[in-house]
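J.: One structure follows; several queries about it will come next.
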Amino acid sequence: MKHLDESQIALASRGDLSGFANLRARLHLTFCKTCRDRVAEYRQDQQRVKSAVAAFELPRSMKWDELEAEMFGNIRLGLEVEEIHRDAGQVSPVVVQHEAMSWRGLAAAGAMTAIVITGWFLTGPGAQSYLRHGPSAIAQVRSGAVVLRGDEHGVGLENRGTGLMLRNVSAPAGRFEVSLDGSVRASAVDQDSGQVTVSQVYVE
Amino acid sequence: MSTSSVPNSSPSAAERELQDRFVRENLRRVFALIYRIVGNVADAQDLTQDTFIKALQRKDQLKDGDKSAQWLGRVASNTAIDFLRRKARVNFTEIDSLPEPLPDPSERRADEEMLRAEEAAYLDHCLEALSVRERTALVLRDVEDLPASEVAAILGCSPATVRSHIANARTKFRAIYEQRKEAQ
Ligand SMILES: [Zn+2]
């Protein structure tokens with residue numbers, strides 16, 4: 001009796017043989033224990049492959065939790081960019097096709113936003129005055145002494161005599177969002193470049 | 001705390017919560033799949049993000065839990081393979097002539113034997129011994145459970161060719177796995 005060859009066993013282990021080869025293999029396997037055992041080993045391999053893929057390992061300098069949080073944030077941001085583009089009437093079905101703003105660009109813009117917020121917060125009496133006397137707020141959250149607000153120029157925060165204002169330089173903010181967890185977010189689309197700026201301020 | 005807000009066309013809070021849950025439940029699996037195909041973290045991260053952004057805009061595909069998870073696997077595979085194609089600027093059948101993307105040896109090898117179970121390290125070794133197309137075909141068929149015909153469609157080759165990739169991948173994996181047992 002001629003046993004199935006290695007490729008046939010490998011394919012038969014998940015029913016991947018076609019047509020006549022499949023029928024022949026199934027017939028052989030019904031009465032050949034040797035080949036059935038070989039098939040069983042391939043089925044175990046499939047579990048091994050699954051666990052190896054699921055238990056991927058990152059380079060040692062990286063932590064999954066951090067990567068996960070970063071991706072989670074970028075996905076949220078990417079979805080918002082898409083919404084803003086749709087609101088702005090631009091034809092941009094998915095962000096990946098929008099080469100003017102790559103992920104790395106978005107990440108860099110995010111980092112710059114954080115730096116700008118810190119800088120304004122440390123040296124922000126001007127921002128405070130702006131918050132007091134500037135255009136009236138479109139959206140506002142008050143939490144104790146802290147006021148968060150958004151208007152056509154951006155988002156801002158005022159806290160016990162200190163303020164910060166993050167302005168959308170290139171274009172009026174297209175959208176505001178104020179949430180109960182104490183954040184204000186403004187987003188703007190530059191009509192020329194299509195670049196989206198998302199400014200966000202939190203009360204901790 | 002008082003709140004006021006202007007209306008806009010963004011998704012409702014409930015929709016957003018559903019989206020977030022969908023991402024949380026599938027992020028690790030999608031990343032693992034793409035990482036296995038493209039072989040480095042930076043590209044896998046970008047492509048994982050792109051996958052979810054594409055997927056979450058198709059609300060019609062997200063209603064049925066199991067089906068949407070499998071559909072997401074397809075979006076992820078397509079995204080990763082499109083990326084490899086663009087990067088290679090050659091047909092997928094020629095991708096094997098590229099340097100193997102896995103692993104980043106300088107970063108991953110040093111003391112990994114100490115840090116992780118030996119078995120897991122060896123399984124990685126078995127997978128890494130496969131060519132890109134063998135590994136991709138194997139992962140799509142045996143991890144994502146896509147039918148061979150669909151794997152062929154994603155890889156842009158004939159069903160006969162994809163069966164040959166799958167068979168080669170499984171027999172190579174088996175042979176390398178057995179080598180270690182014999183060495184022990
Ligand atoms: Zn036999």
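How things are named: the first chain in the structure tokens is A, the next is B, and so on; residues count from 1 in each chain; ligands count from 1 in the order shown.
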Could you give me the residues within 7 Å of ligand 1, counting only C-alpha atoms and all ligand atoms, as a list in words?
T.: Lys2, His3, Leu4, His28, Leu29, Cys32, Lys33, Thr34 and Cys35 of chain A
J.: I want to know what sits within 8 Å of Arg170 (chain B), based on only C-alpha atoms, with residues of the same chain fewer than 6 positions away left out; could you give that as a PyMOL selection string?
T.: (chain A and resi 10+42+45) or (chain B and resi 138)
J.: Go through A:Arg26, A:Lys50, A:Arg86, A:Arg36 and flag the residue nearest chain B, using only C-alpha atoms for the distances.
T.: A:Lys50
J.: Any idea what's packed within 9 Å of Thr79 (chain B), counting only C-alpha atoms, ignoring anything in its chain fewer than 5 positions away? Could you give it as a list in words?
T.: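 Listing them by chain and then by number gives Ile34, Leu47, Thr48, Asp50, Thr51, Arg74 and Leu84 of chain B.
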J.: For Glu134 (chain B), work out the shell of residues within 7 Å, counting only C-alpha atoms and skipping chain neighbours fewer than 6 positions away, then give it as a PyMOL selection string.
T.: chain B and resi 165-166+168-169
J.: Please produce an output containing N, CA and C atoms for each residue in the selection, written as a PDB file, in the first residue's frame.
T.:
ATOM      1  N   HIS B 165       1.802  26.770  -1.847  1.00  0.00           N
ATOM      2  CA  HIS B 165       2.395  27.563  -0.756  1.00  0.00           C
ATOM      3  C   HIS B 165       1.996  26.991   0.610  1.00  0.00           C
ATOM      4  N   ILE B 166       0.716  26.667   0.730  1.00  0.00           N
ATOM      5  CA  ILE B 166       0.230  26.174   2.023  1.00  0.00           C
ATOM      6  C   ILE B 166       0.889  24.828   2.351  1.00  0.00           C
ATOM      7  N   ASN B 168       3.764  23.653   1.214  1.00  0.00           N
ATOM      8  CA  ASN B 168       5.182  23.883   1.536  1.00  0.00           C
ATOM      9  C   ASN B 168       5.344  24.449   2.936  1.00  0.00           C
ATOM     10  N   ALA B 169       4.485  25.405   3.279  1.00  0.00           N
ATOM     11  CA  ALA B 169       4.588  26.030   4.598  1.00  0.00           C
ATOM     12  C   ALA B 169       4.364  24.989   5.695  1.00  0.00           C
TER      13      ALA B 169
END
J.: Name all residues at most 8 Å from Ser77 (chain B) (count only C-alpha atoms; drop same-chain ones fewer than 2 positions away) and give them as a ChimeraX atom specification.
T.: /B:33-34,73-75,79-81,140,154
J.: Please produce a file of the residues just selected, as a short mmCIF file (atom, residue, chain, number, x, y, z; two decimals), in the first residue's frame, where the atoms kept are C-alpha atoms.
T.:
data_model
loop_
_atom_site.label_atom_id
_atom_site.label_comp_id
_atom_site.auth_asym_id
_atom_site.auth_seq_id
_atom_site.Cartn_x
_atom_site.Cartn_y
_atom_site.Cartn_z
CA LEU B 33 -1.64 39.13 12.10
CA ILE B 34 -0.18 42.15 10.36
CA GLY B 73 -9.08 39.77 9.33
CA ARG B 74 -9.59 40.07 5.58
CA VAL B 75 -9.30 43.84 5.65
CA THR B 79 -4.02 46.09 3.88
CA ALA B 80 -0.77 44.33 4.81
CA ILE B 81 -0.34 42.65 1.45
CA LEU B 140 -4.32 33.43 6.41
CA ILE B 154 -5.84 38.00 -1.50
#
J.: Near region 35-37 of chain B, counting only C-alpha atoms, which residues have an atom at most 8 Å away, once you skip same-chain residues fewer than 4 positions from it, shown as a list in words?
T.: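 Counting only the stated atoms, we get Val53 and Phe56 of chain A; Phe31, Val41, Asp43, Ala44, Ala80, Ile81, Leu102, Val132, Arg135 and Thr136 of chain B.
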J.: Residues at most 12 Å from Gln19 (chain B), counting only C-alpha atoms, excluding those fewer than 5 positions away in the same chain, as a list of chain:residue names?
T.: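 My reading of the contact set: A:Phe72, A:Ile75, A:Arg76, A:Leu79, B:Pro11, B:Ser12, B:Ala13, B:Ala14, B:Arg24, B:Glu25, B:Asn26, B:Leu27, B:Phe52, B:Ile53, B:Ala55, B:Leu56, B:Gln57, B:Arg58, B:Lys59, B:Leu62, B:Lys63.
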